[in-house]
Amino acid sequence: MNLKDKNTLGLSSESPLFFAIHHESDLRELIHQVQDRKLVLPFYFLGDGSNLILSKIISNPVVQMKILGRKILSEDSESVIVQASAGENWNEFVHWTVEKNFYGLENLVLIPGTVGASPIQNIGAYGVEAKDFIHSVKGYDFEKKEWFSLTNEQCQFAYRDSLFKQSGHQSKLITEVVFKLSKKADKVNLTYKELKNHLEIHSRSATAENVLLSVKELRMNKLPDPSVIGNAGSFFKNPLLQPEKAQQLKSQFPLLPMYPQTDGTLKVSAGWMIEKCGWKGQRLGPVGMYEKQALVLVKHDEATADDVLKLAEAVKADVLRQFGVDLEIEPLIWK
Ligand code: FAD
Ligand code: NAP
């Protein structure tokens, strides 16, 4: 199976063993095949492929999660507990919650991908992270051969990180995510200046519906649509620096945007540094850094993972040389 149309970078990638799980019965069948030793672990779990760099040949079996379903588990006057199956489209799920007057996820609208992938890197945008609303995560662990249900705390969420990325936990297939959402429409998160300004410019009141609308407009203006130009969103994480290093950089580059974190570190804008190194809108072979947002790597022509990683290394080297900061690639690399 070629995975070219199953990853948003659009990289051609052959997977000798591919399984799509549409129903619970498909999953039970897969579990049996592993128990009967017809399939060898580890698996690679695939959602919509919007955070992946795929090599030409993938040696591990690929399992795509397609199970659909949303339900309200309980509610009171203040909040609601909602469960969504892992194959649900994240953006559609966010719209559904806001239409039902369940609030919290509106800042995360238009993030590509599935509900099941949302806990993996604890997706975040415009001041909100999935962890702020995830109640628990359920699934099946192929290595331990058991079902799991983890509380928010057990998922060890951090900036673009979670337990699910750690070794020893990558055999956990997420089947359902449970969210605790608010029924208070006026409790919106406007910590990001760009979002607050956008609402003000358009004379919009601070409601969840308006936040949803503004985030959609902001994103559509700035981010490349993967159906038009291949990309995997932000290609590097914004580095979290110790105060001493951040202070030193600030004295050298007073305009470098920095955001203090609750743990004392400072988050530094990777996009700003990449732009200062001259990479915004520049190409290296068939790939380049996007003209409107230097943090996004885009595929202009037919390309391979090697082309993508060659550009990533060139950008990393320049940022290290000029700023002394070692950037970390955000999408996951499958070999
Ligand atoms: P995939 O790319 O298919 O997989 C990503 C990882 O999750 C892999 O390790 C995979 O094995 C694992 N995984 C997927 N499903 C499961 C499952 N059911 N069980 C276990 N593991 C699983 N990210 C942000 O955080 N914020 C943003 O604002 C944002 N904007 C983006 C904008 C664009 C244009 C693009 C292309 C990407 C953006 N991303 C953003 C990155 C991406 O959308 C998210 O990381 C998303 O959650 C990936 O979902 P997916 O279903 O495509 O996962
Ligand atoms: P932006 O608003 O130009 O901001 C640049 C960076 O500064 C962002 O990455 C953001 O970090 C940080 N930032 C801005 N205001 C902040 C604040 N008040 N407090 C703390 N950090 C702040 O970014 P953008 O490219 O247009 O993206 C908008 C949002 O969508 C961002 O949150 C971004 O993360 C998210 N996004 C993510 C991806 C992805 O693939 N991961 C892709 C596209 C957009 P954070 O990234 O930590 O928020």
# chains A, B, ... in the order shown; residues from 1 in each chain; ligands from 1
$ closest_atom_pairs --of "range 295-316 of chain A" --to "range 225-246 of chain A" --cutoff "6 Å" --atoms "only C-alpha atoms" --output "CSV"
residue,atom,partner,partner_atom,distance
A:Leu295,CA,A:Ser234,CA,5.3
A:Val296,CA,A:Ser234,CA,4.7
A:Leu297,CA,A:Phe235,CA,5.9
A:Val298,CA,A:Asn231,CA,4.7
A:Lys299,CA,A:Gly230,CA,5.0
$ residues_near_ligand --ligand "ligand 1" --cutoff "6 Å" --atoms "only C-alpha atoms and all ligand atoms" --output "PyMOL selection string"
chain A and resi 8+44-52+65+86+111-114+116-118+120+123-125+172-175+223-226+231-233+332
$ residues_around --residues "Tyr192 in chain A" --least-positions-apart "6" --cutoff "10 Å" --atoms "only C-alpha atoms" --output "PDB file with C-alpha atoms, in the first residue's frame"
ATOM      1  CA  ALA A 125      -2.868  26.537  19.494  1.00  0.00           C
ATOM      2  CA  TYR A 126      -3.711  30.091  20.555  1.00  0.00           C
ATOM      3  CA  GLY A 127      -3.067  29.512  24.248  1.00  0.00           C
ATOM      4  CA  VAL A 128      -5.053  26.279  24.655  1.00  0.00           C
TER       5      VAL A 128
END
$ select_by_dssp --residues "range 111-226 of chain A" --states "alpha helix (DSSP H)" --output "list in words"
Lys193, Glu194, Leu195, Lys196, Asn197, His198, Leu199, Glu200, Ile201, Ala208, Glu209, Asn210, Val211, Leu212, Leu213, Ser214, Val215, Lys216, Glu217, Leu218, Arg219, Met220, Asn221 and Lys222 of chain A
$ residues_around --residues "Ala208 in chain A" --least-positions-apart "2" --cutoff "8 Å" --atoms "only C-alpha atoms" --output "ChimeraX atom specification"
/A:98,103-104,106,185-188,206,210-212
$ closest_residue --among "A:Gly278, A:Gly271, A:Gly87, A:Gly285" --to "ligand 2" --atoms "only C-alpha atoms and all ligand atoms"
A:Gly271
$ closest_residue --among "A:Pro257, A:Gly324, A:Gly281, A:Gly264" --to "ligand 2" --atoms "only C-alpha atoms and all ligand atoms"
A:Pro257
$ closest_residue --among "A:Arg28, A:Lys216, A:Lys131, A:His23" --to "ligand 2" --atoms "only C-alpha atoms and all ligand atoms"
A:Lys216
$ closest_residue --among "A:His300, A:Lys310, A:Lys222, A:Lys316" --to "ligand 2" --atoms "only C-alpha atoms and all ligand atoms"
A:Lys222
$ select_by_dssp --residues "range 22-85 of chain A" --states "strand (DSSP E or B)" --output "VMD selection string"
chain A and resid 44 to 46 52 to 54 57 62 to 65 70 to 75 79 to 85
$ atom_distance --atom1 "CA of Gln33 in chain A" --atom2 "CA of Glu143 in chain A"
13.3 Å
$ closest_residue --among "A:Val109, A:Val308, A:Leu39, A:Val115" --to "Gln83 in chain A" --atoms "only C-alpha atoms"
A:Val115
$ closest_residue --among "A:Asp318, A:Asp141, A:Asp161, A:Glu176" --to "ligand 2" --atoms "only C-alpha atoms and all ligand atoms"
A:Asp161
$ atom_distance --atom1 "atom 15 (N, counted along the ligand's line) of ligand 2" --atom2 "CA of Arg219 in chain A"
13.8 Å
$ residues_around --residues "Lys180 in chain A" --least-positions-apart "4" --cutoff "6 Å" --atoms "only C-alpha atoms" --output "PyMOL selection string"
chain A and resi 80-81+133+135
$ residues_around --residues "Ser149 in chain A" --least-positions-apart "2" --cutoff "10 Å" --atoms "only C-alpha atoms" --output "ChimeraX atom specification"
/A:136-140,147,151-152,154-155,174,176-177
$ write_last_selection --atoms "all heavy atoms" --output "CSV table (one decimal), in the first residue's frame"
chain,number,residue,atom,x,y,z
A,136,SER,N,-9.8,11.8,30.2
A,136,SER,CA,-9.1,10.5,30.2
A,136,SER,C,-8.9,10.0,28.8
A,136,SER,O,-9.5,10.5,27.9
A,136,SER,CB,-9.9,9.5,31.1
A,136,SER,OG,-11.2,9.4,30.6
A,137,VAL,N,-8.0,9.0,28.7
A,137,VAL,CA,-7.7,8.4,27.4
A,137,VAL,C,-7.8,6.9,27.5
A,137,VAL,O,-7.2,6.3,28.4
A,137,VAL,CB,-6.3,8.9,26.9
A,137,VAL,CG1,-5.9,8.2,25.6
A,137,VAL,CG2,-6.2,10.4,26.8
A,138,LYS,N,-8.5,6.3,26.5
A,138,LYS,CA,-8.7,4.8,26.6
A,138,LYS,C,-8.1,4.1,25.3
A,138,LYS,O,-8.1,4.7,24.2
A,138,LYS,CB,-10.2,4.5,26.7
A,138,LYS,CG,-10.8,5.1,27.9
A,138,LYS,CD,-12.3,4.9,27.9
A,138,LYS,CE,-12.8,5.5,29.2
A,138,LYS,NZ,-14.3,5.4,29.3
A,139,GLY,N,-7.7,2.9,25.4
A,139,GLY,CA,-7.2,2.2,24.3
A,139,GLY,C,-6.7,0.8,24.6
A,139,GLY,O,-7.0,0.2,25.7
A,140,TYR,N,-5.9,0.2,23.7
A,140,TYR,CA,-5.4,-1.1,23.8
A,140,TYR,C,-3.9,-1.1,23.7
A,140,TYR,O,-3.4,-0.5,22.7
A,140,TYR,CB,-6.0,-2.1,22.8
A,140,TYR,CG,-5.6,-3.5,23.0
A,140,TYR,CD1,-6.1,-4.3,23.9
A,140,TYR,CD2,-4.6,-4.0,22.2
A,140,TYR,CE1,-5.7,-5.6,24.1
A,140,TYR,CE2,-4.1,-5.3,22.3
A,140,TYR,CZ,-4.7,-6.1,23.3
A,140,TYR,OH,-4.3,-7.4,23.5
A,147,TRP,N,-6.2,-3.7,27.8
A,147,TRP,CA,-6.9,-2.5,27.6
A,147,TRP,C,-6.4,-1.5,28.7
A,147,TRP,O,-6.1,-1.9,29.8
A,147,TRP,CB,-8.4,-2.6,27.7
A,147,TRP,CG,-8.9,-3.5,26.6
A,147,TRP,CD1,-9.1,-4.9,26.6
A,147,TRP,CD2,-9.3,-3.1,25.3
A,147,TRP,NE1,-9.5,-5.3,25.4
A,147,TRP,CE2,-9.7,-4.3,24.5
A,147,TRP,CE3,-9.4,-1.9,24.6
A,147,TRP,CZ2,-10.1,-4.2,23.2
A,147,TRP,CZ3,-9.8,-1.8,23.3
A,147,TRP,CH2,-10.1,-3.0,22.6
A,151,THR,N,-5.9,8.5,33.3
A,151,THR,CA,-6.4,9.8,33.7
A,151,THR,C,-5.6,10.9,33.0
A,151,THR,O,-4.4,10.6,32.6
A,151,THR,CB,-6.3,10.0,35.2
A,151,THR,OG1,-5.0,10.0,35.6
A,151,THR,CG2,-7.1,9.0,36.0
A,152,ASN,N,-6.0,12.1,33.1
A,152,ASN,CA,-5.3,13.2,32.5
A,152,ASN,C,-3.9,13.3,33.1
A,152,ASN,O,-2.9,13.4,32.4
A,152,ASN,CB,-6.0,14.5,32.8
A,152,ASN,CG,-5.3,15.8,32.3
A,152,ASN,OD1,-4.2,16.0,32.7
A,152,ASN,ND2,-6.0,16.6,31.5
A,154,GLN,N,-2.1,10.9,34.5
A,154,GLN,CA,-1.3,9.7,34.1
A,154,GLN,C,-0.7,9.9,32.7
A,154,GLN,O,0.3,9.3,32.3
A,154,GLN,CB,-2.1,8.4,34.2
A,154,GLN,CG,-2.4,8.0,35.6
A,154,GLN,CD,-3.4,6.8,35.7
A,154,GLN,OE1,-4.3,6.8,34.9
A,154,GLN,NE2,-3.2,5.9,36.6
A,155,CYS,N,-1.4,10.7,31.9
A,155,CYS,CA,-0.9,10.9,30.5
A,155,CYS,C,0.4,11.8,30.4
A,155,CYS,O,1.0,11.9,29.4
A,155,CYS,CB,-2.0,11.6,29.6
A,155,CYS,SG,-3.4,10.5,29.3
A,174,ILE,N,-4.7,4.3,20.9
A,174,ILE,CA,-5.8,5.1,21.5
A,174,ILE,C,-7.1,4.8,20.7
A,174,ILE,O,-7.1,5.0,19.5
A,174,ILE,CB,-5.5,6.6,21.5
A,174,ILE,CG1,-4.3,6.8,22.5
A,174,ILE,CG2,-6.7,7.4,22.0
A,174,ILE,CD1,-3.7,8.2,22.5
A,176,GLU,N,-10.3,5.9,22.3
A,176,GLU,CA,-11.3,6.9,22.7
A,176,GLU,C,-10.6,7.9,23.5
A,176,GLU,O,-9.7,7.6,24.3
A,176,GLU,CB,-12.4,6.2,23.6
A,176,GLU,CG,-13.4,5.5,22.8
A,176,GLU,CD,-14.2,4.5,23.7
A,176,GLU,OE1,-13.9,4.3,24.9
A,176,GLU,OE2,-15.2,3.9,23.1
A,177,VAL,N,-11.1,9.2,23.4
A,177,VAL,CA,-10.7,10.2,24.3
A,177,VAL,C,-11.9,10.9,24.9
A,177,VAL,O,-12.9,11.1,24.3
A,177,VAL,CB,-9.9,11.3,23.5
A,177,VAL,CG1,-9.3,12.4,24.4
A,177,VAL,CG2,-8.7,10.7,22.7
$ residues_around --residues "Ile57 in chain A" --least-positions-apart "4" --cutoff "12 Å" --atoms "only C-alpha atoms" --output "list in words"
Met1, Asn2, Leu3, Lys4, Leu11, Ser12, Ser13, Glu14, Ser15, Pro16, Leu17, Ile53, Pro61, Val62, Thr304, Ala305, Ile333, Trp334 and Lys335 of chain A
$ atom_distance --atom1 "CA of Pro119 in chain A" --atom2 "CA of Ser162 in chain A"
7.0 Å
